[in-house]
>>> print(open('structure23.pdb').read())   # PDB, C-alpha atoms
ATOM      1  CA  MET A   1      87.736 114.181 133.361
ATOM      2  CA  LYS A   2      86.858 113.764 129.689
ATOM      3  CA  ILE A   3      88.955 115.973 127.391
ATOM      4  CA  ILE A   4      88.430 114.148 124.085
ATOM      5  CA  ARG A   5      85.169 113.335 122.327
ATOM      6  CA  PHE A   6      85.129 110.877 119.423
ATOM      7  CA  THR A   7      83.028 112.482 116.679
ATOM      8  CA  LYS A   8      82.124 111.856 113.034
ATOM      9  CA  LYS A   9      84.794 114.376 111.982
ATOM     10  CA  GLY A  10      87.520 113.015 114.238
ATOM     11  CA  LEU A  11      88.907 113.318 117.744
ATOM     12  CA  TYR A  12      87.644 116.588 119.256
ATOM     13  CA  CYS A  13      89.266 118.342 122.214
ATOM     14  CA  ILE A  14      86.221 119.676 124.039
ATOM     15  CA  PRO A  15      87.724 122.522 126.101
ATOM     16  CA  GLY A  16      90.365 123.385 123.481
ATOM     17  CA  LYS A  17      87.838 123.472 120.592
ATOM     18  CA  PHE A  18      90.210 121.803 118.126
ATOM     19  CA  TYR A  19      90.549 118.397 116.487
ATOM     20  CA  LEU A  20      93.352 115.819 116.398
ATOM     21  CA  ASP A  21      94.093 114.358 112.928
ATOM     22  CA  PRO A  22      90.504 114.996 111.736
ATOM     23  CA  TRP A  23      89.129 113.275 108.636
ATOM     24  CA  GLY A  24      86.283 115.788 108.269
ATOM     25  CA  GLN A  25      86.877 119.463 107.443
ATOM     26  CA  VAL A  26      87.264 121.554 110.611
ATOM     27  CA  ASP A  27      88.472 125.008 111.667
ATOM     28  CA  TYR A  28      91.502 123.942 113.726
ATOM     29  CA  ALA A  29      93.415 120.693 113.157
ATOM     30  CA  VAL A  30      96.343 119.503 115.275
ATOM     31  CA  ILE A  31      98.301 117.013 113.181
ATOM     32  CA  SER A  32     100.450 114.132 114.463
ATOM     33  CA  HIS A  33     102.336 113.475 111.193
ATOM     34  CA  GLY A  34     102.229 113.878 107.430
ATOM     35  CA  HIS A  35     100.701 110.611 106.220
ATOM     36  CA  ALA A  36      97.568 111.086 104.154
ATOM     37  CA  ASP A  37      95.186 109.321 106.550
ATOM     38  CA  HIS A  38      96.204 111.680 109.378
ATOM     39  CA  ALA A  39      96.885 114.965 107.560
ATOM     40  CA  ARG A  40      94.106 115.861 105.119
ATOM     41  CA  TRP A  41      93.248 118.777 102.899
ATOM     42  CA  GLY A  42      90.494 121.237 103.769
ATOM     43  CA  MET A  43      91.212 122.454 107.313
ATOM     44  CA  LYS A  44      91.111 126.205 107.968
ATOM     45  CA  HIS A  45      94.190 126.056 110.206
ATOM     46  CA  TYR A  46      96.849 123.441 110.996
ATOM     47  CA  LEU A  47      99.204 122.995 113.943
ATOM     48  CA  CYS A  48     102.051 120.471 113.852
ATOM     49  CA  VAL A  49     105.573 119.849 115.115
ATOM     50  CA  ASP A  50     108.358 121.814 113.388
ATOM     51  CA  ASP A  51     109.745 118.812 111.511
ATOM     52  CA  SER A  52     106.360 118.206 109.846
ATOM     53  CA  LYS A  53     105.570 121.726 108.680
ATOM     54  CA  ALA A  54     107.368 121.604 105.313
ATOM     55  CA  ILE A  55     106.005 118.093 104.674
ATOM     56  CA  LEU A  56     102.407 119.214 105.269
ATOM     57  CA  LYS A  57     102.809 122.231 103.008
ATOM     58  CA  HIS A  58     104.259 120.022 100.271
ATOM     59  CA  ARG A  59     101.508 117.427 100.513
ATOM     60  CA  ILE A  60      98.451 119.596 101.267
ATOM     61  CA  GLY A  61      99.298 123.004  99.775
ATOM     62  CA  GLN A  62     101.882 125.748 100.087
ATOM     63  CA  ASP A  63      99.182 128.304 100.894
ATOM     64  CA  ILE A  64      97.616 126.518 103.888
ATOM     65  CA  SER A  65      97.365 128.343 107.213
ATOM     66  CA  ILE A  66      99.836 126.491 109.399
ATOM     67  CA  GLU A  67     101.948 126.982 112.512
ATOM     68  CA  SER A  68     104.374 124.660 114.246
ATOM     69  CA  LEU A  69     106.094 124.029 117.562
ATOM     70  CA  PRO A  70     109.359 122.318 118.546
ATOM     71  CA  TYR A  71     109.088 119.020 120.395
ATOM     72  CA  GLY A  72     108.346 119.554 124.089
ATOM     73  CA  ILE A  73     107.313 123.227 123.889
ATOM     74  CA  GLU A  74     103.847 124.039 125.241
ATOM     75  CA  LYS A  75     101.145 126.111 123.590
ATOM     76  CA  THR A  76      97.975 126.952 125.502
ATOM     77  CA  ILE A  77      94.736 126.873 123.498
ATOM     78  CA  ASN A  78      91.544 127.842 125.348
ATOM     79  CA  GLY A  79      93.075 126.695 128.631
ATOM     80  CA  VAL A  80      94.466 123.414 127.245
ATOM     81  CA  LYS A  81      98.232 122.977 127.434
ATOM     82  CA  LEU A  82      99.341 121.251 124.212
ATOM     83  CA  SER A  83     102.786 119.867 123.343
ATOM     84  CA  PHE A  84     104.330 117.470 120.811
ATOM     85  CA  HIS A  85     106.550 114.519 121.756
ATOM     86  CA  PRO A  86     108.519 112.123 119.509
ATOM     87  CA  ALA A  87     106.552 109.152 118.183
ATOM     88  CA  GLY A  88     109.389 107.384 116.344
ATOM     89  CA  HIS A  89     107.056 106.573 113.424
ATOM     90  CA  ILE A  90     108.508 108.681 110.586
ATOM     91  CA  ILE A  91     110.341 111.997 110.307
ATOM     92  CA  GLY A  92     108.139 114.659 111.882
ATOM     93  CA  SER A  93     105.837 112.233 113.688
ATOM     94  CA  ALA A  94     104.604 113.247 117.119
ATOM     95  CA  GLN A  95     102.442 112.214 120.013
ATOM     96  CA  ILE A  96     100.110 115.012 121.093
ATOM     97  CA  ARG A  97      99.955 115.704 124.838
ATOM     98  CA  LEU A  98      96.960 117.619 126.183
ATOM     99  CA  GLU A  99      96.668 118.859 129.769
ATOM    100  CA  TYR A 100      93.538 120.463 131.168
ATOM    101  CA  LYS A 101      92.864 121.127 134.854
ATOM    102  CA  GLY A 102      95.462 118.560 135.855
ATOM    103  CA  HIS A 103      94.209 115.793 133.569
ATOM    104  CA  VAL A 104      96.601 114.595 130.843
ATOM    105  CA  THR A 105      95.559 112.879 127.614
ATOM    106  CA  VAL A 106      98.064 111.638 125.027
ATOM    107  CA  PHE A 107      97.131 110.880 121.407
ATOM    108  CA  THR A 108      99.810 108.863 119.604
ATOM    109  CA  GLY A 109      98.765 109.045 115.964
ATOM    110  CA  ASP A 110     101.096 106.306 114.651
ATOM    111  CA  TYR A 111     104.257 105.314 116.498
ATOM    112  CA  LYS A 112     107.179 102.888 116.594
ATOM    113  CA  THR A 113     109.115 101.955 119.728
ATOM    114  CA  ASN A 114     112.054 100.253 117.967
ATOM    115  CA  ALA A 115     114.789 102.838 117.418
ATOM    116  CA  ASP A 116     116.194 103.477 113.954
ATOM    117  CA  SER A 117     118.963 105.734 112.652
ATOM    118  CA  LEU A 118     116.638 108.288 111.078
ATOM    119  CA  THR A 119     113.726 109.267 113.308
ATOM    120  CA  ILE A 120     113.818 110.758 116.799
ATOM    121  CA  PRO A 121     113.111 107.754 119.095
ATOM    122  CA  PHE A 122     109.708 107.275 120.721
ATOM    123  CA  GLN A 123     109.489 108.910 124.128
ATOM    124  CA  PRO A 124     106.859 107.581 126.596
ATOM    125  CA  VAL A 125     104.673 110.294 128.116
ATOM    126  CA  LYS A 126     102.889 109.631 131.410
ATOM    127  CA  CYS A 127      99.180 110.430 131.277
ATOM    128  CA  HIS A 128      95.738 109.609 132.614
ATOM    129  CA  THR A 129      94.241 108.756 129.207
ATOM    130  CA  PHE A 130      96.202 107.177 126.340
ATOM    131  CA  ILE A 131      94.941 106.880 122.761
ATOM    132  CA  THR A 132      96.980 104.275 120.890
ATOM    133  CA  GLU A 133      97.065 102.764 117.417
ATOM    134  CA  SER A 134      97.149  98.958 116.999
ATOM    135  CA  THR A 135      98.153  98.425 113.359
ATOM    136  CA  PHE A 136     100.202  95.353 114.294
ATOM    137  CA  GLY A 137      98.338  94.522 117.490
ATOM    138  CA  LEU A 138      98.737  90.740 117.373
ATOM    139  CA  PRO A 139     101.374  88.623 119.218
ATOM    140  CA  ILE A 140     102.690  87.249 115.909
ATOM    141  CA  TYR A 141     104.220  90.608 115.009
ATOM    142  CA  HIS A 142     107.742  91.033 116.335
ATOM    143  CA  TRP A 143     110.379  93.224 114.683
ATOM    144  CA  GLN A 144     114.112  92.596 114.552
ATOM    145  CA  ASP A 145     116.632  95.307 115.394
ATOM    146  CA  ASP A 146     117.645  97.616 112.561
ATOM    147  CA  ALA A 147     121.193  96.218 112.590
ATOM    148  CA  ILE A 148     119.856  92.795 111.597
ATOM    149  CA  ILE A 149     117.484  94.204 108.969
ATOM    150  CA  ARG A 150     120.281  96.333 107.529
ATOM    151  CA  GLN A 151     122.536  93.297 107.157
ATOM    152  CA  GLN A 152     119.778  91.274 105.482
ATOM    153  CA  MET A 153     119.030  94.009 102.961
ATOM    154  CA  GLN A 154     122.654  94.794 102.186
ATOM    155  CA  ASN A 155     123.488  91.102 101.756
ATOM    156  CA  TRP A 156     120.668  90.887  99.205
ATOM    157  CA  VAL A 157     122.116  93.847  97.307
ATOM    158  CA  LEU A 158     125.578  92.247  97.278
ATOM    159  CA  SER A 159     124.086  88.986  96.024
ATOM    160  CA  ASN A 160     122.303  90.853  93.238
ATOM    161  CA  GLN A 161     125.507  92.624  92.259
ATOM    162  CA  GLN A 162     127.248  89.265  91.892
ATOM    163  CA  GLN A 163     124.505  88.326  89.437
ATOM    164  CA  ASN A 164     124.744  91.667  87.612
ATOM    165  CA  LYS A 165     121.282  92.717  88.837
ATOM    166  CA  THR A 166     119.852  96.082  89.906
ATOM    167  CA  SER A 167     118.269  96.034  93.383
ATOM    168  CA  VAL A 168     114.835  97.701  93.386
ATOM    169  CA  PHE A 169     113.228  98.394  96.770
ATOM    170  CA  VAL A 170     109.535  99.256  97.109
ATOM    171  CA  GLY A 171     108.460 101.632  99.867
ATOM    172  CA  TYR A 172     106.010 104.478 100.422
ATOM    173  CA  SER A 173     107.237 107.927  99.471
ATOM    174  CA  LEU A 174     107.029 109.398 102.964
ATOM    175  CA  GLY A 175     108.660 107.477 105.778
ATOM    176  CA  LYS A 176     109.375 104.036 104.384
ATOM    177  CA  SER A 177     111.557 105.222 101.495
ATOM    178  CA  GLN A 178     113.733 107.378 103.747
ATOM    179  CA  ARG A 179     114.027 104.421 106.153
ATOM    180  CA  ILE A 180     115.173 102.180 103.287
ATOM    181  CA  MET A 181     117.738 104.806 102.311
ATOM    182  CA  SER A 182     119.156 104.855 105.837
ATOM    183  CA  LEU A 183     119.348 101.060 105.981
ATOM    184  CA  LEU A 184     121.186 100.892 102.651
ATOM    185  CA  ASP A 185     123.438 103.930 103.120
ATOM    186  CA  GLY A 186     126.969 103.164 101.942
ATOM    187  CA  CYS A 187     126.029  99.857 100.290
ATOM    188  CA  ALA A 188     125.782 101.131  96.692
ATOM    189  CA  PRO A 189     124.753 104.296  94.821
ATOM    190  CA  MET A 190     121.009 104.981  95.265
ATOM    191  CA  LEU A 191     118.455 106.494  92.895
ATOM    192  CA  VAL A 192     114.834 107.278  93.791
ATOM    193  CA  HIS A 193     111.575 107.961  91.974
ATOM    194  CA  ASN A 194     110.547 111.608  91.613
ATOM    195  CA  ALA A 195     107.815 111.365  94.294
ATOM    196  CA  ILE A 196     110.452 110.246  96.801
ATOM    197  CA  TYR A 197     113.064 112.677  95.509
ATOM    198  CA  GLN A 198     110.744 115.665  96.019
ATOM    199  CA  LEU A 199     109.928 114.636  99.582
ATOM    200  CA  ASN A 200     113.623 114.129 100.290
ATOM    201  CA  GLU A 201     114.268 117.722  99.211
ATOM    202  CA  VAL A 202     111.422 118.968 101.410
ATOM    203  CA  ILE A 203     112.772 117.050 104.404
ATOM    204  CA  ARG A 204     116.283 118.395 103.818
ATOM    205  CA  SER A 205     114.873 121.931 103.660
ATOM    206  CA  SER A 206     113.905 121.490 107.330
ATOM    207  CA  GLY A 207     117.546 120.857 108.218
ATOM    208  CA  ILE A 208     117.219 117.082 108.483
ATOM    209  CA  LYS A 209     120.060 115.037 107.001
ATOM    210  CA  LEU A 210     119.324 112.159 104.638
ATOM    211  CA  PRO A 211     121.630 109.780 102.768
ATOM    212  CA  GLN A 212     122.495 110.763  99.200
ATOM    213  CA  ALA A 213     120.050 109.520  96.560
ATOM    214  CA  ASP A 214     119.863 110.820  92.995
ATOM    215  CA  LEU A 215     116.752 111.285  90.873
ATOM    216  CA  TRP A 216     115.692 108.309  88.755
ATOM    217  CA  GLN A 217     113.638 108.998  85.647
ATOM    218  CA  ALA A 218     112.571 107.060  82.577
ATOM    219  CA  THR A 219     115.387 108.781  80.667
ATOM    220  CA  THR A 220     118.117 107.896  83.194
ATOM    221  CA  ASP A 221     121.080 106.145  81.566
ATOM    222  CA  LYS A 222     120.769 102.411  82.243
ATOM    223  CA  ASN A 223     124.471 102.253  83.009
ATOM    224  CA  LEU A 224     123.817 104.410  86.076
ATOM    225  CA  LEU A 225     121.321 101.816  87.319
ATOM    226  CA  GLN A 226     123.207  98.594  86.678
ATOM    227  CA  ASN A 227     124.215  96.852  89.943
ATOM    228  CA  ASN A 228     122.997  99.833  91.963
ATOM    229  CA  ILE A 229     119.885 100.566  94.070
ATOM    230  CA  VAL A 230     116.568 102.076  92.931
ATOM    231  CA  ILE A 231     113.778 102.947  95.389
ATOM    232  CA  VAL A 232     110.202 103.319  94.094
ATOM    233  CA  PRO A 233     106.649 103.739  95.465
ATOM    234  CA  PRO A 234     104.327 100.671  95.368
ATOM    235  CA  ALA A 235     102.304 102.150  92.494
ATOM    236  CA  LEU A 236     105.195 101.371  90.158
ATOM    237  CA  ILE A 237     105.152  97.600  90.669
ATOM    238  CA  GLY A 238     104.453  96.072  87.270
ATOM    239  CA  SER A 239     104.677  99.427  85.454
ATOM    240  CA  ASN A 240     106.445  99.976  82.142
ATOM    241  CA  MET A 241     108.851 102.346  83.868
ATOM    242  CA  ILE A 242     110.079  99.715  86.298
ATOM    243  CA  LYS A 243     110.381  97.197  83.459
ATOM    244  CA  ARG A 244     112.992  99.486  81.876
ATOM    245  CA  ILE A 245     115.392  98.857  84.752
ATOM    246  CA  PRO A 246     118.084  96.423  83.561
ATOM    247  CA  ASN A 247     118.047  93.005  85.255
ATOM    248  CA  ALA A 248     115.834  94.247  88.084
ATOM    249  CA  ALA A 249     115.402  92.258  91.290
ATOM    250  CA  ILE A 250     112.468  93.694  93.258
ATOM    251  CA  ALA A 251     112.010  93.669  97.047
ATOM    252  CA  LEU A 252     108.989  94.823  99.044
ATOM    253  CA  CYS A 253     109.589  96.347 102.498
ATOM    254  CA  SER A 254     106.652  96.105 104.915
ATOM    255  CA  GLY A 255     105.671  94.842 108.331
ATOM    256  CA  TRP A 256     103.031  92.752 106.597
ATOM    257  CA  MET A 257     105.806  90.606 105.101
ATOM    258  CA  GLN A 258     106.100  88.784 108.424
ATOM    259  CA  ILE A 259     102.990  86.680 107.773
ATOM    260  CA  ARG A 260     101.368  87.922 104.561
ATOM    261  CA  GLY A 261     104.372  87.575 102.287
ATOM    262  CA  HIS A 262     102.910  84.794 100.151
ATOM    263  CA  ARG A 263     100.190  87.135  98.838
ATOM    264  CA  ARG A 264     102.243  90.306  98.567
ATOM    265  CA  TRP A 265     105.282  88.653  96.995
ATOM    266  CA  GLN A 266     103.485  87.652  93.817
ATOM    267  CA  ALA A 267     105.069  90.446  91.767
ATOM    268  CA  VAL A 268     108.397  90.730  93.610
ATOM    269  CA  ASP A 269     111.549  88.683  94.213
ATOM    270  CA  ALA A 270     112.116  89.272  97.923
ATOM    271  CA  GLY A 271     110.562  90.812 101.012
ATOM    272  CA  PHE A 272     111.946  92.454 104.132
ATOM    273  CA  VAL A 273     110.080  93.018 107.397
ATOM    274  CA  VAL A 274     110.513  96.786 107.724
ATOM    275  CA  SER A 275     107.741  98.581 109.583
ATOM    276  CA  ASP A 276     107.282 102.121 110.873
ATOM    277  CA  HIS A 277     104.698 100.971 113.439
ATOM    278  CA  ALA A 278     105.086  99.392 116.865
ATOM    279  CA  ASP A 279     105.009  95.601 117.046
ATOM    280  CA  TRP A 280     103.033  93.671 119.689
ATOM    281  CA  ASN A 281     105.649  94.054 122.422
ATOM    282  CA  GLY A 282     106.176  97.695 121.489
ATOM    283  CA  LEU A 283     102.479  98.458 121.849
ATOM    284  CA  ILE A 284     102.316  96.801 125.260
ATOM    285  CA  SER A 285     105.464  98.494 126.543
ATOM    286  CA  ALA A 286     104.236 101.882 125.327
ATOM    287  CA  VAL A 287     100.884 101.494 127.082
ATOM    288  CA  LYS A 288     102.475 100.348 130.341
ATOM    289  CA  ALA A 289     105.032 103.180 130.294
ATOM    290  CA  THR A 290     102.263 105.800 130.275
ATOM    291  CA  GLU A 291     100.709 104.395 133.499
ATOM    292  CA  ALA A 292      97.376 105.483 131.997
ATOM    293  CA  GLU A 293      94.137 104.807 133.838
ATOM    294  CA  GLN A 294      92.181 104.552 130.577
ATOM    295  CA  VAL A 295      93.354 103.422 127.143
ATOM    296  CA  TYR A 296      91.493 103.878 123.849
ATOM    297  CA  VAL A 297      92.614 101.686 120.944
ATOM    298  CA  THR A 298      92.211 102.989 117.406
ATOM    299  CA  HIS A 299      93.031 101.636 113.933
ATOM    300  CA  GLY A 300      94.406  98.145 113.495
ATOM    301  CA  TYR A 301      93.575  95.041 115.520
ATOM    302  CA  GLN A 302      91.800  97.247 118.042
ATOM    303  CA  GLU A 303      89.364  94.606 119.312
ATOM    304  CA  THR A 304      92.098  92.056 120.000
ATOM    305  CA  PHE A 305      94.503  94.537 121.561
ATOM    306  CA  ALA A 306      91.841  96.208 123.729
ATOM    307  CA  ARG A 307      90.659  92.813 124.961
ATOM    308  CA  TYR A 308      94.210  91.805 125.901
ATOM    309  CA  LEU A 309      94.793  95.041 127.818
ATOM    310  CA  ASN A 310      91.612  94.458 129.823
ATOM    311  CA  GLU A 311      92.735  90.887 130.567
ATOM    312  CA  ILE A 312      95.992  92.140 132.105
ATOM    313  CA  GLY A 313      94.191  94.735 134.205
ATOM    314  CA  ILE A 314      94.442  97.863 132.029
ATOM    315  CA  SER A 315      91.086  99.499 131.316
ATOM    316  CA  ALA A 316      90.775  99.707 127.529
ATOM    317  CA  ALA A 317      88.110 100.293 124.878
ATOM    318  CA  GLU A 318      88.223 100.214 121.101
ATOM    319  CA  VAL A 319      87.388 103.267 119.009
ATOM    320  CA  LYS A 320      86.548 103.268 115.306
ATOM    321  CA  THR A 321      88.325 105.919 113.248
ATOM    322  CA  GLU A 322      89.025 106.600 109.572
ATOM    323  CA  TYR A 323      92.756 105.970 109.866
ATOM    324  CA  GLY A 324      94.400 103.012 108.085
ATOM    325  CA  SER A 325      92.720  99.639 108.613
ATOM    326  CA  TYR A 326      94.598  96.508 109.669
ATOM    327  CA  GLU A 327      94.223  95.068 106.165
ATOM    328  CA  ASP A 328      95.997  97.860 104.295
ATOM    329  CA  ALA A 329      97.100 100.501 106.793
ATOM    330  CA  GLU A 330     100.369 101.149 105.001
ATOM    331  CA  ALA A 331      98.640 101.347 101.629
ATOM    332  CA  LYS A 332      96.691 104.371 102.874
ATOM    333  CA  GLU A 333      99.648 106.136 104.420
ATOM    334  CA  THR A 334     100.685 108.195 101.415
ATOM    335  CA  GLU A 335      99.267 109.604  98.247
ATOM    336  CA  LEU A 336     100.937 107.585  95.536
ATOM    337  CA  PRO A 337     101.565 108.849  91.995
ATOM    338  CA  LYS A 338      98.699 107.956  89.674
ATOM    339  CA  SER A 339     101.058 107.129  86.843
ATOM    340  CA  ALA A 340     104.667 106.141  86.344
TER     341      ALA A 340
END
>>> encode(input="structure23.pdb", output="structure tokens")
Amino acid sequence: MKIIRFTKKGLYCIPGKFYLDPWGQVDYAVISHGHADHARWGMKHYLCVDDSKAILKHRIGQDISIESLPYGIEKTINGVKLSFHPAGHIIGSAQIRLEYKGHVTVFTGDYKTNADSLTIPFQPVKCHTFITESTFGLPIYHWQDDAIIRQQMQNWVLSNQQQNKTSVFVGYSLGKSQRIMSLLDGCAPMLVHNAIYQLNEVIRSSGIKLPQADLWQATTDKNLLQNNIVIVPPALIGSNMIKRIPNAAIALCSGWMQIRGHRRWQAVDAGFVVSDHADWNGLISAVKATEAEQVYVTHGYQETFARYLNEIGISAAEVKTEYGSYEDAEAKETELPKSA
């Protein structure tokens, strides 16, 4: 039974008469998470998981028509049973489960199977049809456990402190920056750019705990920065504001650092492989855990990943969407400040 139709406005639930993470303006949008390529302005009504509601209002508009559900609680829309399930991608990320006349379809949005200390871990959901991302859908992508990444990052900070340097970490305002904060918690005092600081406050307003991080501004006393940690969005690389940080050592945190570091390190001093997406093994394990009869592969290396699934006996097809591309998926995840 076909529940989802792939349209020019996005993924359309035929019996439910609503869309999943639409990129065109629609009447009813069910949203998987708050990144800008999945949650867009202009929908008449939004539905999301509870942990995403404040984030969507902050990013899209306080006056939007929006409702939310806790993870695992069903809502029936035109005969379709809908529920949200943890995706492990960022705070408030969810897989969307749809059940209609006994047929179950699961749309993942973006997801990560490696557990971290901040997000609710990914939970496999059995279904007949599974719609998966493939941002890092190549065998070369393999993430280390957070304990190893944490040690690498904190060792770098300690090394910088011995050289009287300020450690500057680059990460997107929603998701990556909070992940960096959790990995560095307790290592040294942290300050964050205003775009990150505002989102931190929004996240805390939903009752979610985050490590302490103070606001960093152009007027912040340099003595408060020296030997400490500053977290900024990518738009600030090379800006006058970042040049005001005393003895700054700059590190970029991204899954792309695993193989594309030589190009992306041109303006930074170090790189750490920190991704909020599933790696190759994570994608495969997630697909197998669903026991799905049909898999649709969206943004990323969808051709390669779909071909591999077919080779191992899992029926799969690629679908073109307007979510982040494999070249710069993370660069499209958030709306970055236009100026420092």
>>> atom_distance(input="structure23.pdb", atom1="atom CA of Val202 of chain A", atom2="atom CA of Ile64 of chain A")
15.9 Å
>>> resolve_selection(input="structure23.pdb", expression="the PyMOL selection byres ((chain A and resi 46) around 8)", output="JSON, numbers by chain")
{"A": [28, 29, 30, 31, 43, 44, 45, 47, 48, 64, 65, 66, 67]}
>>> write_last_selection(input="structure23.pdb", atoms="C-alpha atoms", output="compact mmCIF listing (two decimals), keeping the file's coordinate frame")
# COMPACT_ATOMS: atom_id res chain seq x y z
CA TYR A 28 91.50 123.94 113.73
CA ALA A 29 93.42 120.69 113.16
CA VAL A 30 96.34 119.50 115.28
CA ILE A 31 98.30 117.01 113.18
CA MET A 43 91.21 122.45 107.31
CA LYS A 44 91.11 126.20 107.97
CA HIS A 45 94.19 126.06 110.21
CA LEU A 47 99.20 123.00 113.94
CA CYS A 48 102.05 120.47 113.85
CA ILE A 64 97.62 126.52 103.89
CA SER A 65 97.36 128.34 107.21
CA ILE A 66 99.84 126.49 109.40
CA GLU A 67 101.95 126.98 112.51
>>> atom_distance(input="structure23.pdb", atom1="atom CA of Ile77 of chain A", atom2="atom CA of His89 of chain A")
25.8 Å
>>> resolve_selection(input="structure23.pdb", expression="the PyMOL selection byres ((chain A and resi 317) around 7)", output="PDB file with C-alpha atoms, in the coordinates of the input")
ATOM      1  CA  VAL A 295      93.354 103.422 127.143  1.00  0.00           C
ATOM      2  CA  TYR A 296      91.493 103.878 123.849  1.00  0.00           C
ATOM      3  CA  VAL A 297      92.614 101.686 120.944  1.00  0.00           C
ATOM      4  CA  ALA A 306      91.841  96.208 123.729  1.00  0.00           C
ATOM      5  CA  ALA A 316      90.775  99.707 127.529  1.00  0.00           C
ATOM      6  CA  GLU A 318      88.223 100.214 121.101  1.00  0.00           C
ATOM      7  CA  VAL A 319      87.388 103.267 119.009  1.00  0.00           C
TER       8      VAL A 319
END
>>> closest_residue(input="structure23.pdb", among="A:Asp269, A:Glu133, A:Glu293, A:Asp214", to="Val170 of chain A", atoms="all atoms listed in the file")
A:Asp269
>>> resolve_selection(input="structure23.pdb", expression="the PyMOL selection byres ((chain A and resi 11) around 12)", output="ChimeraX atom specification")
/A:3-10,12-14,16-24,26,28-31,38,96,105-109,131,296,298,319-323
>>> closest_residue(input="structure23.pdb", among="A:Gln25, A:Thr113, A:Ser206, A:Asn240", to="His277 of chain A", atoms="all atoms listed in the file")
A:Thr113
>>> atom_distance(input="structure23.pdb", atom1="atom CA of Arg40 of chain A", atom2="atom CA of Gln62 of chain A")
13.5 Å
>>> closest_residue(input="structure23.pdb", among="A:Ala278, A:Val232, A:Ala292, A:Met1", to="Gly137 of chain A", atoms="all atoms listed in the file")
A:Ala278
>>> closest_residue(input="structure23.pdb", among="A:Ser285, A:Ser254, A:Thr290, A:Gln144", to="Phe272 of chain A", atoms="only C-alpha atoms")
A:Ser254
>>> residues_around(input="structure23.pdb", residues="Gln178 of chain A", least_positions_apart="4", cutoff="8 Å", atoms="only C-alpha atoms", output="list in words")
Leu118, Ser173, Leu174, Ser182, Asn200 and Leu210 of chain A
>>> closest_residue(input="structure23.pdb", among="A:Gln151, A:Asn160, A:Ser93, A:Gln217", to="Asp185 of chain A", atoms="all atoms listed in the file")
A:Gln151
>>> closest_residue(input="structure23.pdb", among="A:Ile203, A:Ala286, A:Leu184, A:His193", to="Met241 of chain A", atoms="all atoms listed in the file")
A:His193
>>> residues_around(input="structure23.pdb", residues="Asn155 of chain A", least_positions_apart="5", cutoff="12 Å", atoms="all atoms listed in the file", output="PyMOL selection string")
chain A and resi 148-150+160-162+167+183-184+187-188+272
>>> axis_aligned_box(input="structure23.pdb", around="segment 154-171 of chain A", padding_each_side="3 Å", output="AutoDock Vina command-line options")
--center_x 117.9 --center_y 95.0 --center_z 94.9 --size_x 24.8 --size_y 19.3 --size_z 20.6
>>> residues_around(input="structure23.pdb", residues="segment 141-143 of chain A", least_positions_apart="5", cutoff="12 Å", atoms="only C-alpha atoms", output="ChimeraX atom specification")
/A:112-116,134-136,148-149,254-260,272-284,301
>>> residues_around(input="structure23.pdb", residues="Tyr172 of chain A", least_positions_apart="2", cutoff="7 Å", atoms="all atoms listed in the file", output="PyMOL selection string")
chain A and resi 174-177+233-234+334
>>> residues_near_point(input="structure23.pdb", point="(105.9, 120.1, 112.1)", cutoff="10 Å", atoms="only C-alpha atoms", output="ChimeraX atom specification")
/A:31-34,46-57,66-71,84,91-94,206
>>> residues_near_point(input="structure23.pdb", point="(119.1, 113.8, 98.6)", cutoff="9 Å", atoms="all atoms listed in the file", output="ChimeraX atom specification")
/A:197-198,200-201,204,209-215
